[in-house]
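Listing of data22.txt, compact mmCIF, C-alpha atoms
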# COMPACT_ATOMS: atom_id res chain seq x y z
CA MET A 1 -182.77 46.44 54.27
CA ALA A 2 -179.99 43.87 54.54
CA GLU A 3 -181.08 42.93 58.05
CA SER A 4 -184.68 42.46 56.90
CA MET A 5 -183.56 40.20 54.06
CA LEU A 6 -181.43 38.18 56.46
CA ASP A 7 -184.36 37.78 58.86
CA THR A 8 -186.52 36.56 55.98
CA TYR A 9 -183.83 34.09 54.96
CA TRP A 10 -183.61 32.59 58.47
CA GLN A 11 -187.39 32.18 58.59
CA LEU A 12 -187.32 29.82 55.59
CA PRO A 13 -187.70 26.06 56.22
CA PRO A 14 -184.29 24.96 57.52
CA VAL A 15 -183.74 21.82 55.41
CA ALA A 16 -184.87 23.47 52.16
CA ARG A 17 -182.96 26.64 52.99
CA THR A 18 -179.72 24.85 53.79
CA LEU A 19 -179.64 22.40 50.88
CA THR A 20 -180.61 25.04 48.32
CA THR A 21 -178.00 27.47 49.60
CA VAL A 22 -175.27 24.84 49.52
CA ALA A 23 -176.27 23.58 46.06
CA ALA A 24 -176.46 27.06 44.52
CA THR A 25 -173.23 28.26 46.15
CA LEU A 26 -171.29 25.13 45.23
CA SER A 27 -172.56 25.14 41.64
CA VAL A 28 -171.73 28.82 41.15
CA ALA A 29 -168.24 28.30 42.58
CA ILE A 30 -167.65 25.43 40.16
CA GLN A 31 -168.98 27.39 37.17
CA LEU A 32 -166.68 30.30 38.03
CA LYS A 33 -163.70 27.91 38.35
CA PHE A 34 -163.20 28.70 42.04
CA LEU A 35 -163.57 24.99 42.81
CA PRO A 36 -162.75 21.97 40.62
CA ALA A 37 -165.83 19.91 39.76
CA PHE A 38 -163.79 16.71 39.89
CA TYR A 39 -163.81 16.62 43.70
CA PHE A 40 -167.62 16.73 43.94
CA ILE A 41 -168.78 14.21 41.33
CA HIS A 42 -169.46 10.58 42.22
CA HIS A 43 -168.44 7.20 40.87
CA PRO A 44 -168.38 4.00 42.97
CA SER A 45 -164.66 3.58 42.30
CA PHE A 46 -163.93 6.59 44.52
CA LEU A 47 -165.35 4.72 47.52
CA TRP A 48 -162.78 1.93 47.14
CA GLN A 49 -159.78 4.21 47.28
CA ILE A 50 -157.60 4.57 50.35
CA PRO A 51 -158.84 6.64 52.10
CA PRO A 52 -162.39 6.32 50.69
CA GLN A 53 -163.85 9.58 49.41
CA ILE A 54 -167.12 9.18 51.26
CA TRP A 55 -168.34 12.74 50.70
CA ARG A 56 -168.94 12.18 46.98
CA PRO A 57 -172.34 10.39 47.23
CA VAL A 58 -173.62 13.53 49.02
CA THR A 59 -171.95 16.29 47.01
CA SER A 60 -173.00 14.72 43.70
CA PHE A 61 -176.58 15.70 44.60
CA LEU A 62 -175.55 19.31 45.25
CA VAL A 63 -173.98 20.13 41.87
CA THR A 64 -175.81 21.24 38.76
CA GLY A 65 -174.88 22.74 35.41
CA GLY A 66 -174.56 26.35 34.43
CA GLY A 67 -176.91 28.81 32.76
CA LEU A 68 -180.65 28.31 33.14
CA GLY A 69 -180.10 24.82 34.52
CA LEU A 70 -178.50 26.27 37.64
CA LEU A 71 -181.38 28.71 38.11
CA PHE A 72 -184.20 26.22 37.56
CA ASP A 73 -182.63 23.36 39.52
CA SER A 74 -182.03 25.64 42.51
CA TYR A 75 -185.58 27.01 42.32
CA PHE A 76 -187.26 23.61 42.03
CA LEU A 77 -185.01 22.15 44.74
CA TYR A 78 -186.23 24.75 47.21
CA HIS A 79 -189.81 24.73 45.91
CA TYR A 80 -190.41 21.01 46.41
CA LEU A 81 -188.28 20.61 49.52
CA ALA A 82 -190.23 23.40 51.24
CA GLN A 83 -193.54 21.73 50.33
CA MET A 84 -192.32 18.46 51.80
CA GLU A 85 -190.94 20.09 54.93
CA ILE A 86 -193.97 22.25 55.81
CA GLY A 87 -197.47 20.89 56.20
CA ASN A 88 -196.92 17.57 54.42
CA PRO A 89 -198.55 14.79 56.50
CA ARG A 90 -196.18 12.20 55.05
CA PHE A 91 -193.17 14.01 56.53
CA PRO A 92 -194.27 15.35 59.92
CA ARG A 93 -190.71 15.28 61.30
CA LYS A 94 -187.41 16.38 59.81
CA ALA A 95 -186.12 12.82 60.33
CA ASP A 96 -188.82 11.55 57.92
CA LEU A 97 -187.68 14.00 55.25
CA VAL A 98 -184.00 13.16 55.76
CA TRP A 99 -184.80 9.44 55.54
CA TYR A 100 -186.67 10.08 52.27
CA LEU A 101 -183.65 11.89 50.83
CA ILE A 102 -181.33 9.08 51.94
CA PHE A 103 -183.50 6.36 50.40
CA VAL A 104 -184.23 8.18 47.14
CA GLY A 105 -180.62 9.30 46.75
CA GLY A 106 -179.31 5.80 47.42
CA THR A 107 -181.77 4.32 44.92
CA ILE A 108 -180.71 6.80 42.23
CA LEU A 109 -177.05 5.92 42.75
CA THR A 110 -177.87 2.19 42.67
CA ILE A 111 -179.84 2.49 39.42
CA ASN A 112 -177.07 4.55 37.85
CA TYR A 113 -174.48 1.94 38.83
CA PHE A 114 -176.31 -1.19 37.66
CA ALA A 115 -177.59 0.46 34.47
CA ASP A 116 -174.03 1.62 33.79
CA LEU A 117 -175.18 5.12 32.87
CA PRO A 118 -172.57 7.87 32.39
CA PHE A 119 -173.84 10.29 35.04
CA TYR A 120 -171.73 11.71 37.85
CA THR A 121 -174.03 14.40 39.31
CA PHE A 122 -177.67 13.78 40.22
CA LEU A 123 -179.42 16.96 41.31
CA SER A 124 -181.82 16.85 38.35
CA ALA A 125 -182.85 13.32 39.27
CA LEU A 126 -183.40 14.31 42.91
CA VAL A 127 -185.54 17.30 41.92
CA LEU A 128 -187.67 15.10 39.68
CA SER A 129 -188.17 12.56 42.46
CA MET A 130 -189.33 15.27 44.89
CA ALA A 131 -191.70 16.68 42.25
CA TYR A 132 -193.19 13.21 41.83
CA THR A 133 -193.64 12.70 45.58
CA VAL A 134 -195.23 16.09 46.17
CA THR A 135 -197.62 15.99 43.22
CA GLN A 136 -198.89 12.47 43.94
CA ASP A 137 -200.65 13.95 46.97
CA GLN A 138 -202.11 16.76 44.83
CA ARG A 139 -204.29 14.70 42.50
CA GLY A 140 -207.32 16.65 41.40
CA MET A 141 -205.49 19.95 41.86
CA LYS A 142 -203.99 22.22 39.23
CA ALA A 143 -200.38 23.31 38.91
CA THR A 144 -198.56 25.88 36.78
CA PHE A 145 -195.67 24.64 34.70
CA TYR A 146 -193.89 27.29 32.63
CA PHE A 147 -197.02 29.46 32.63
CA ILE A 148 -199.22 26.54 31.55
CA THR A 149 -201.90 25.15 33.86
CA ILE A 150 -201.85 21.35 34.04
CA PRO A 151 -203.11 18.63 36.42
CA ALA A 152 -200.66 18.60 39.32
CA GLN A 153 -199.80 14.89 39.03
CA LEU A 154 -198.55 15.44 35.46
CA THR A 155 -195.84 17.87 36.55
CA PRO A 156 -193.03 15.24 36.65
CA ILE A 157 -193.99 14.03 33.16
CA CYS A 158 -193.83 17.58 31.82
CA MET A 159 -190.45 18.10 33.52
CA ILE A 160 -189.13 15.08 31.65
CA LEU A 161 -190.65 15.92 28.26
CA ILE A 162 -189.45 19.54 28.30
CA ASN A 163 -185.93 18.18 27.86
CA LEU A 164 -186.79 17.27 24.27
CA LEU A 165 -186.65 21.00 23.47
CA MET A 166 -183.15 21.43 24.89
CA PRO A 167 -179.68 20.44 23.63
CA GLY A 168 -178.63 17.11 25.09
CA GLY A 169 -182.13 16.62 26.43
CA ALA A 170 -182.26 12.89 25.68
CA MET A 171 -179.50 12.14 28.20
CA ASN A 172 -181.11 14.36 30.81
CA ILE A 173 -184.33 12.38 30.33
CA LEU A 174 -182.46 9.22 31.31
CA LEU A 175 -181.09 10.97 34.38
CA GLN A 176 -184.51 12.20 35.46
CA LEU A 177 -186.02 8.76 34.87
CA GLU A 178 -183.69 7.49 37.61
CA GLY A 179 -185.34 9.93 39.99
CA PHE A 180 -188.81 8.97 38.72
CA VAL A 181 -188.21 5.28 39.43
CA ALA A 182 -186.68 6.01 42.85
CA ALA A 183 -189.62 8.18 43.90
CA HIS A 184 -192.18 5.65 42.67
CA LEU A 185 -190.41 2.88 44.57
CA TYR A 186 -190.54 4.99 47.75
CA ASP A 187 -194.24 5.73 47.16
CA PHE A 188 -195.01 2.04 46.60
CA LEU A 189 -193.16 0.74 49.66
CA SER A 190 -194.29 3.47 52.06
CA ARG A 191 -197.86 4.23 50.90
CA ILE A 192 -199.33 2.03 48.15
CA TRP A 193 -198.34 -1.32 49.62
CA PRO A 194 -199.48 -0.52 53.20
CA GLU A 195 -202.76 1.13 52.11
CA PHE A 196 -203.85 -1.12 49.25
CA GLY A 197 -201.81 -4.29 49.73
CA GLY A 198 -202.38 -4.66 53.45
CA GLY A 199 -198.67 -4.92 54.13
CA PRO A 200 -196.45 -3.03 56.56
CA ASN A 201 -194.67 0.22 55.81
CA LEU A 202 -191.34 -1.11 54.61
CA LEU A 203 -189.67 2.30 54.74
CA ALA A 204 -190.51 3.50 58.24
CA THR A 205 -188.00 6.05 59.52
CA PRO A 206 -185.31 4.28 61.58
CA PRO A 207 -185.51 5.15 65.30
CA PHE A 208 -181.80 6.01 65.45
CA LEU A 209 -182.29 8.69 62.81
CA ASP A 210 -185.18 10.17 64.75
CA ARG A 211 -183.03 10.35 67.89
CA LEU A 212 -180.16 11.83 65.91
CA MET A 213 -182.35 14.59 64.51
CA GLN A 214 -183.78 15.61 67.88
CA SER A 215 -182.24 18.85 69.13
CA PRO A 216 -182.75 21.17 72.10
CA ILE A 217 -182.54 24.15 69.72
CA ILE A 218 -185.79 26.04 69.24
CA GLU A 219 -186.37 27.73 65.88
CA ARG A 220 -187.70 31.28 66.15
CA GLY A 221 -188.59 33.92 63.62
CA PHE A 222 -185.78 36.12 64.94
CA GLY A 223 -183.12 33.51 65.70
CA THR A 224 -182.61 30.38 67.77
CA ALA A 225 -182.57 29.59 71.45
CA ILE A 226 -181.51 26.63 73.54
CA ARG A 227 -184.33 24.85 75.32
CA ASN A 228 -184.20 25.19 79.10
CA PRO A 229 -183.57 21.73 80.55
CA GLY A 230 -185.86 22.60 83.49
CA PRO A 231 -185.21 22.99 87.21
CA GLY A 232 -182.81 20.68 88.91
CA PRO A 233 -183.67 18.27 91.73
CA ALA A 234 -185.37 19.69 94.79
CA GLY A 235 -183.01 21.12 97.37
CA SER A 236 -180.21 21.70 94.86
CA SER A 237 -179.14 24.83 93.11
CA SER A 238 -176.40 25.77 90.68
CA GLY A 239 -173.39 27.86 91.49
CA ALA A 240 -174.75 30.61 89.27
CA SER A 241 -177.85 31.00 91.44
CA ARG A 242 -176.12 30.53 94.82
CA GLY A 243 -173.40 33.09 94.32
CA PRO A 244 -170.22 33.29 96.41
CA LEU A 245 -171.93 33.78 99.81
CA PRO A 246 -172.78 30.85 102.11
CA ASP A 247 -176.43 30.02 102.70
CA SER A 248 -176.32 31.25 106.32
CA TRP A 249 -175.40 34.73 105.11
CA ARG A 250 -178.26 34.79 102.62
CA THR A 251 -181.11 34.12 105.10
CA ARG A 252 -182.82 36.35 107.61
CA GLY A 253 -181.83 36.01 111.31
CA GLN A 254 -183.84 36.88 114.41
CA GLY A 255 -182.61 40.45 114.30
CA HIS A 256 -181.33 42.61 117.28
CA ARG A 257 -181.79 46.31 117.91
CA LEU A 258 -178.53 48.20 117.78
CA GLY A 259 -177.78 50.81 120.50
Whole structure, structure tokens version:
Amino acid sequence: MAESMLDTYWQLPPVARTLTTVAATLSVAIQLKFLPAFYFIHHPSFLWQIPPQIWRPVTSFLVTGGGLGLLFDSYFLYHYLAQMEIGNPRFPRKADLVWYLIFVGGTILTINYFADLPFYTFLSALVLSMAYTVTQDQRGMKATFYFITIPAQLTPICMILINLLMPGGAMNILLQLEGFVAAHLYDFLSRIWPEFGGGPNLLATPPFLDRLMQSPIIERGFGTAIRNPGPGPAGSSSGASRGPLPDSWRTRGQGHRLG
């Protein structure tokens, strides 16, 4: 049973699987007081310390609150990341998805800084931005939001408005609006402007990131394997294939009858 569950886990989309696992594990550890939340939140002042605490812009997107917030944020993080990672024509390569996360995350942090908003973790904003990006390609389709069927493109709006029913919801609306603006900016610069404005794609994935994300590891349903680099140059062989014997001992001679 445990082995079957582990096999199922490793078959999940790798980016969605990894980020959701890290976010859920880190958030649970913080809620249980195993780790101090202070070392994972972000404020620009931490980047100007000596040495700069450069991990904070990343970890601040991997921390959420407790209770139902932890459950729903983890679920929606995986749900929308998996949809972007598998079968989405806008993100055919993992490098495209990583570049999206970098741009949207950087935009959220920039908005938070210049608007001087009192937020130090941003997972809710990131989830909202991914919901916006996914559902913009689902216009004309239906989606289920808390057991209610709605037009798919209205899902981000409903995610924002549902906060009005929760304690402290007004502040969470401001946080999610950061993600909404960041996702719309990405959509405008990468799709709307090239398709309807006749301009270039201003957010094309940088070539260096594409090269960085390339790997000889092959994903399989039952594990991973390293891609075979192929045969070497003609006339050469490795020590593993030659063995300890010289070539003259490993070939057939003319042969002589004994006796």
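Restricting the calculation to all atoms listed in the file, the smallest distance between Gln136 of chain A and any of A:Leu174, A:Leu117, A:Ala183, A:Leu81 is found for A:Ala183.
Of the residues under consideration (A:Pro57, A:Gly67, A:Pro52, A:Gly105), A:Gly105 shows the shortest atom-to-atom contact distance to Leu185 of chain A when counting all atoms listed in the file.
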### Nearest to Pro206 of chain A by atom-to-atom distance, counting all atoms listed in the file, from A:Trp99, A:Tyr78, A:Glu85, A:Ser27
A:Trp99
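Here atom CA of Ser74 of chain A is placed at a distance of 6.0 Å from atom CA of Thr20 of chain A.
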### Message
So that I can check the surroundings of Tyr146 of chain A, please list as a list in words every protein, DNA and RNA residue that reaches within 10 Å of it, counting only C-alpha atoms and ignoring chain neighbours fewer than 2 positions away.
### Response
Ala143, Thr144, Ile148, Thr149, Cys158, Met159 and Ile162 of chain A
